[in-house]
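Down below is the structure, laid out as structure tokens.
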Amino acid sequence: MSDQRRSIKFLISNSSSLPTLPGILTKISRLEAQKDSSTDDFARVINSDQILAAKVLRLVNSPFYGFSRRVSTISNALILLGVNVIKSLVLSSSIFEMMEKSFLGLWEHSLATAAAANVIATKLDLPDIEEISTAALLHDIGKVVIKIHLKGGYEQMLEDGSVQEFGAYEAEHQALGTEHAEVGQWLAENWYLPEKLLEPIACHHDVEKSQEHRTATAVVHYADALIKARGVGFSGDDFVPSIQIAAREELQIDEEQLTEIIAELEDRLVDVRNFSLDIQENEQEDTAQESSQ
Amino acid sequence: MQKIPITLAEPDMILAQPIMQPDKPDGLPIFGKGAELTATSIERLKLKGIQSVAVEGHPVIIEGEESLDEILIMMEQRFEHLHDDEYMMNILETFKKQISHAFGVDYE
């Protein structure tokens with residue numbers, strides 16, 4: 001194992017080096033271990049941190065889940081989206097916050113990919129649409145860890161000419177002996193995320209590698225490629241990958257479905273842009289308030 | 001058709017899609033497709049918590065938003081290395097058609 005690879009793995013296992021994980025993790029894990037825990041028990045734990053609860057609700061009501069009614073309580077969010085999704089949003093909240101502040105292009109790419117995955121999964125009438133959308137939201141989370149590890153060096157690495165030719169994935173592999181999909185997998189394992197979410201994160205650049213959750217992985221891979229093609233946000237490169245044969249065969253999207261998916265996506269992306277602008281405005285207001293205190 | 005934040009809606013714009021009630025999405029729409037917006041109706045929509053509306057044509061130039069030509073040229077550039085990939089070129093064509101349609105332009 002290369003030194004860089006080893007130290008990124010260490011960074012993940014040593015959680016104090018990453019943006020602070022909500023202390024709530026232990027409580028949620030404890031509830032998961034108890035067989036008789038109810039949705040209300042989970043809701044109570046999340047509601048004990050009001051800022052966190054508000055952040056989770058903001059994401060639940062974001063355009064990529066596409067609920068037509070506003071979800072106003074954590075209890076309802078748990079019923080609609082399930083414990084796995086809410087737990088993932090809770091665990092990722094600090095990483096998302098970091099993306100909003102210092103990796104905005106990646107945040108916009110992730111939001112848009114989640115919206116695209118939601119549109120595809122809905123059109124294909126797949127089960128577990130919300131879990132697939134959440135996996136898409138998290139698919140590049142490994143890039144944030146790499147950015148933390150390399151400090152200012154990640155942007156420098158991406159400026160290399162070969163990145164625009166072959167993509168950030170290859171550049172990471174050459175420079176670090178690992179890449180963001182594997183790093184995302186380590187993080188998801190460290191957080192005990194379920195396989196349904198872990199596999200699409202780990203295999204979104206290699207759908208063939210996916211075993212148990214190939215459909216979800218194929219959707220995330222497809223959504224990622226559509227968003228890169230459309231040029232929403234910036235995930236580190238402008239490289240549009242060819243959608244892999246394994247994903248094409250798994251999803252079997254025909255001409256008519258493709259037209260409907262892209263038409264619906266165009267519509268949804270307007271809401272995603274507005275959502276991202278709203279978040280940025282709120283951030284600026286919060287920063288202004290903090291500095292005036 | 002252009003989807004715009006409600007804050008940019010103006011009187012005389014024509015709705016390209018009906019506006020549903022946020023609390024009763026399956027019920028009767030607040031305004032139907034083809035309705036003309038007025039100052040009063042825009043205020044009413046804001047009060048009801050409507051975030052965005054779809055209007056006919058492409059009446060609003062949003063700051064920083066690329067023109068249709070710019071979007072299509074940039075997309076073609078991103079697909080340059082995929083010219084021999086029929087599946088991906090079909091995706092590009094579908095995007096071009098749908099984006100042109102959203103700008104109210106027929107794409108040939």
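Letters for chains follow the order of the structure tokens (A, B, ...), residue numbers begin at 1 for each chain, and ligand numbers begin at 1 in the order shown.
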
When the cut-off is 10 Å and we count only C-alpha atoms, which residues of chain B are near chain A, given as a VMD selection string? chain B and resid 1 to 5 20 to 26 51 to 52 54 71 to 72 74 to 82 85 87 to 99 101 to 102

Quick one: residues within 7 Å of stretch 34-40 of chain B, only C-alpha atoms, excluding same-chain residues fewer than 3 positions away - as a PyMOL selection string? chain B and resi 10-16+31+43-44

Limited to C-alpha atoms, could you put the picked residues into a file as a PDB file, in the first residue's frame?
ATOM      1  CA  GLU B  10     -43.792  39.716 -13.640  1.00  0.00           C
ATOM      2  CA  PRO B  11     -47.304  40.697 -14.756  1.00  0.00           C
ATOM      3  CA  ASP B  12     -48.245  39.619 -18.327  1.00  0.00           C
ATOM      4  CA  MET B  13     -46.112  36.475 -18.227  1.00  0.00           C
ATOM      5  CA  ILE B  14     -48.042  33.392 -19.396  1.00  0.00           C
ATOM      6  CA  LEU B  15     -47.913  30.178 -17.377  1.00  0.00           C
ATOM      7  CA  ALA B  16     -46.486  27.227 -19.321  1.00  0.00           C
ATOM      8  CA  PHE B  31     -53.732  28.674 -11.795  1.00  0.00           C
ATOM      9  CA  GLU B  43     -48.289  38.228  -4.495  1.00  0.00           C
ATOM     10  CA  ARG B  44     -50.849  35.503  -3.818  1.00  0.00           C
TER      11      ARG B  44
END

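With only C-alpha atoms as the atoms that count, the minimum distance from A:Asp237 to the choices A:His109, A:His205, A:Lys123, A:His173 is reached by A:His109.
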
How many Å separate atom CA of B:Ile19 from atom CA of B:Gly57?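 Separation between atom CA of B:Ile19 and atom CA of B:Gly57: 17.0 Å.
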
With only C-alpha atoms as the counted atoms, please give the residues lying no more than 7 Å from A:Ala135, apart from itself and same-chain residues fewer than 4 positions off, as a list in words.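 The residues that qualify are Glu131, His139, Leu197, Pro200 and Ile201 of chain A.
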
Please, which residues of stretch 71-284 of chain A, numbered as in this document, come out alpha helix (DSSP H) from DSSP, as a PyMOL selection string? chain A and resi 74-102+104-123+129-138+141-150+153-158+161-166+168-176+180-190+195-203+214-230+245-251+255-284

Length of the atom CA of A:Lys196 to atom CA of A:Gly105 vector [Å]: 25.9 Å

How far is it from atom CA of B:Ile61 to atom CA of B:Ile6, in Å with one decimal?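 Taking atom CA of B:Ile61 and atom CA of B:Ile6, their separation equals 14.1 Å.
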
Hey, which of B:Ser41, B:Phe103, B:Glu70, B:Ile30 ends up closest to B:Glu56? Count only C-alpha atoms.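 Residue with the minimum atom-to-atom distance to B:Glu56: B:Phe103.
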
Excluding stretch 148-158 of chain A and any residue of its chain fewer than 5 positions from it, enumerate the residues within 7 Å of it, using only C-alpha atoms, and give them as a ChimeraX atom specification. /A:8,163,168,236

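By only C-alpha atoms, and with residues fewer than 2 positions from A:Leu176 along its chain excluded, the set lying at most 10 Å from it is Ser2, Asp3, Gln4, Arg5, Arg6, Ser7, Ile8, Ile146, Leu150, Glu170, Ala171, Glu172, His173, Gln174, Thr178 and Glu179 of chain A.
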
Write the residues of the preceding selection, restricted to all heavy atoms, as a compact mmCIF listing (two decimals), in the first residue's frame.
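Final output, saved to out00.txt:
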# COMPACT_ATOMS: atom_id res chain seq x y z
N SER A 2 0.60 2.20 -0.90
CA SER A 2 1.43 3.39 -0.96
C SER A 2 1.25 4.22 0.31
O SER A 2 0.25 4.09 1.01
CB SER A 2 1.07 4.23 -2.18
OG SER A 2 -0.12 4.94 -1.93
N ASP A 3 2.26 5.07 0.59
CA ASP A 3 2.19 5.89 1.81
C ASP A 3 0.96 6.78 1.82
O ASP A 3 0.30 6.93 2.83
CB ASP A 3 3.45 6.76 1.92
CG ASP A 3 4.65 5.91 2.30
OD1 ASP A 3 4.42 4.74 2.65
OD2 ASP A 3 5.77 6.43 2.21
N GLN A 4 0.69 7.39 0.64
CA GLN A 4 -0.45 8.31 0.55
C GLN A 4 -1.75 7.55 0.85
O GLN A 4 -2.60 8.02 1.59
CB GLN A 4 -0.55 8.87 -0.88
CG GLN A 4 0.58 9.79 -1.24
CD GLN A 4 0.25 11.23 -0.91
OE1 GLN A 4 -0.51 11.51 0.01
NE2 GLN A 4 0.80 12.16 -1.64
N ARG A 5 -1.87 6.37 0.25
CA ARG A 5 -3.08 5.56 0.42
C ARG A 5 -3.27 5.22 1.91
O ARG A 5 -4.35 5.34 2.47
CB ARG A 5 -2.93 4.29 -0.41
CG ARG A 5 -4.20 3.50 -0.56
CD ARG A 5 -4.03 2.46 -1.66
NE ARG A 5 -5.27 1.75 -1.84
CZ ARG A 5 -5.53 0.59 -1.27
NH1 ARG A 5 -4.64 0.01 -0.50
NH2 ARG A 5 -6.70 0.00 -1.46
N ARG A 6 -2.14 4.80 2.52
CA ARG A 6 -2.20 4.41 3.94
C ARG A 6 -2.61 5.61 4.81
O ARG A 6 -3.43 5.48 5.70
CB ARG A 6 -0.82 3.87 4.37
CG ARG A 6 -0.90 3.06 5.64
CD ARG A 6 0.45 2.45 6.02
NE ARG A 6 0.95 1.51 5.04
CZ ARG A 6 2.11 1.63 4.39
NH1 ARG A 6 2.89 2.68 4.62
NH2 ARG A 6 2.51 0.74 3.53
N SER A 7 -2.05 6.78 4.50
CA SER A 7 -2.36 7.90 5.39
C SER A 7 -3.79 8.42 5.18
O SER A 7 -4.40 8.93 6.11
CB SER A 7 -1.33 9.02 5.28
OG SER A 7 -1.23 9.47 3.98
N ILE A 8 -4.37 8.24 3.96
CA ILE A 8 -5.78 8.63 3.77
C ILE A 8 -6.67 7.68 4.58
O ILE A 8 -7.61 8.10 5.23
CB ILE A 8 -6.17 8.61 2.28
CG1 ILE A 8 -5.42 9.72 1.52
CG2 ILE A 8 -7.67 8.81 2.10
CD1 ILE A 8 -5.63 9.73 0.03
N ILE A 146 -10.04 13.43 0.37
CA ILE A 146 -8.76 13.61 -0.33
C ILE A 146 -8.33 15.08 -0.24
O ILE A 146 -7.17 15.39 0.00
CB ILE A 146 -8.86 13.15 -1.81
CG1 ILE A 146 -9.09 11.64 -1.86
CG2 ILE A 146 -7.60 13.53 -2.58
CD1 ILE A 146 -9.28 11.07 -3.26
N LEU A 150 -4.88 16.35 1.33
CA LEU A 150 -3.85 17.04 0.54
C LEU A 150 -3.77 18.53 0.85
O LEU A 150 -2.96 19.24 0.25
CB LEU A 150 -4.12 16.86 -0.95
CG LEU A 150 -3.93 15.44 -1.51
CD1 LEU A 150 -4.31 15.41 -2.98
CD2 LEU A 150 -2.49 14.98 -1.35
N GLU A 170 -8.56 9.13 -12.64
CA GLU A 170 -7.26 8.58 -13.07
C GLU A 170 -6.12 9.35 -12.41
O GLU A 170 -5.13 8.76 -11.99
CB GLU A 170 -7.12 8.65 -14.59
CG GLU A 170 -7.98 7.64 -15.34
CD GLU A 170 -7.62 6.20 -14.99
OE1 GLU A 170 -6.44 5.92 -14.72
OE2 GLU A 170 -8.54 5.36 -14.94
N ALA A 171 -6.28 10.68 -12.36
CA ALA A 171 -5.22 11.52 -11.78
C ALA A 171 -5.01 11.16 -10.31
O ALA A 171 -3.87 11.06 -9.83
CB ALA A 171 -5.58 12.99 -11.92
N GLU A 172 -6.12 10.95 -9.59
CA GLU A 172 -6.01 10.58 -8.17
C GLU A 172 -5.29 9.24 -8.05
O GLU A 172 -4.41 9.07 -7.20
CB GLU A 172 -7.42 10.43 -7.57
CG GLU A 172 -8.19 11.73 -7.41
CD GLU A 172 -9.69 11.49 -7.17
OE1 GLU A 172 -10.15 10.33 -7.17
OE2 GLU A 172 -10.39 12.49 -7.00
N HIS A 173 -5.66 8.31 -8.90
CA HIS A 173 -5.08 6.97 -8.85
C HIS A 173 -3.57 7.03 -9.05
O HIS A 173 -2.81 6.40 -8.31
CB HIS A 173 -5.73 6.08 -9.90
CG HIS A 173 -5.65 4.63 -9.54
ND1 HIS A 173 -4.55 3.86 -9.80
CD2 HIS A 173 -6.53 3.83 -8.89
CE1 HIS A 173 -4.75 2.65 -9.34
NE2 HIS A 173 -5.94 2.60 -8.78
N GLN A 174 -3.16 7.80 -10.05
CA GLN A 174 -1.73 7.90 -10.34
C GLN A 174 -0.97 8.58 -9.21
O GLN A 174 0.11 8.16 -8.83
CB GLN A 174 -1.52 8.68 -11.63
CG GLN A 174 -1.72 7.80 -12.86
CD GLN A 174 -1.67 8.60 -14.14
OE1 GLN A 174 -1.05 9.66 -14.18
NE2 GLN A 174 -2.32 8.10 -15.17
N THR A 178 -4.78 5.50 -4.81
CA THR A 178 -6.19 5.23 -4.52
C THR A 178 -7.00 6.32 -5.22
O THR A 178 -6.42 7.18 -5.87
CB THR A 178 -6.48 5.22 -3.00
OG1 THR A 178 -7.86 4.89 -2.80
CG2 THR A 178 -6.20 6.56 -2.34
N GLU A 179 -8.30 6.24 -5.14
CA GLU A 179 -9.13 7.30 -5.76
C GLU A 179 -10.39 7.53 -4.93
O GLU A 179 -10.64 6.79 -3.98
CB GLU A 179 -9.46 6.98 -7.23
CG GLU A 179 -9.51 5.53 -7.61
CD GLU A 179 -10.58 4.77 -6.90
OE1 GLU A 179 -11.60 5.38 -6.55
OE2 GLU A 179 -10.41 3.56 -6.69

Just the residues within 12 Å of A:Glu189, please, counting only C-alpha atoms, with nothing from its chain fewer than 5 positions along; format it as a PyMOL selection string. chain A and resi 9+12-13+88+142+182-184+194-199+201-202
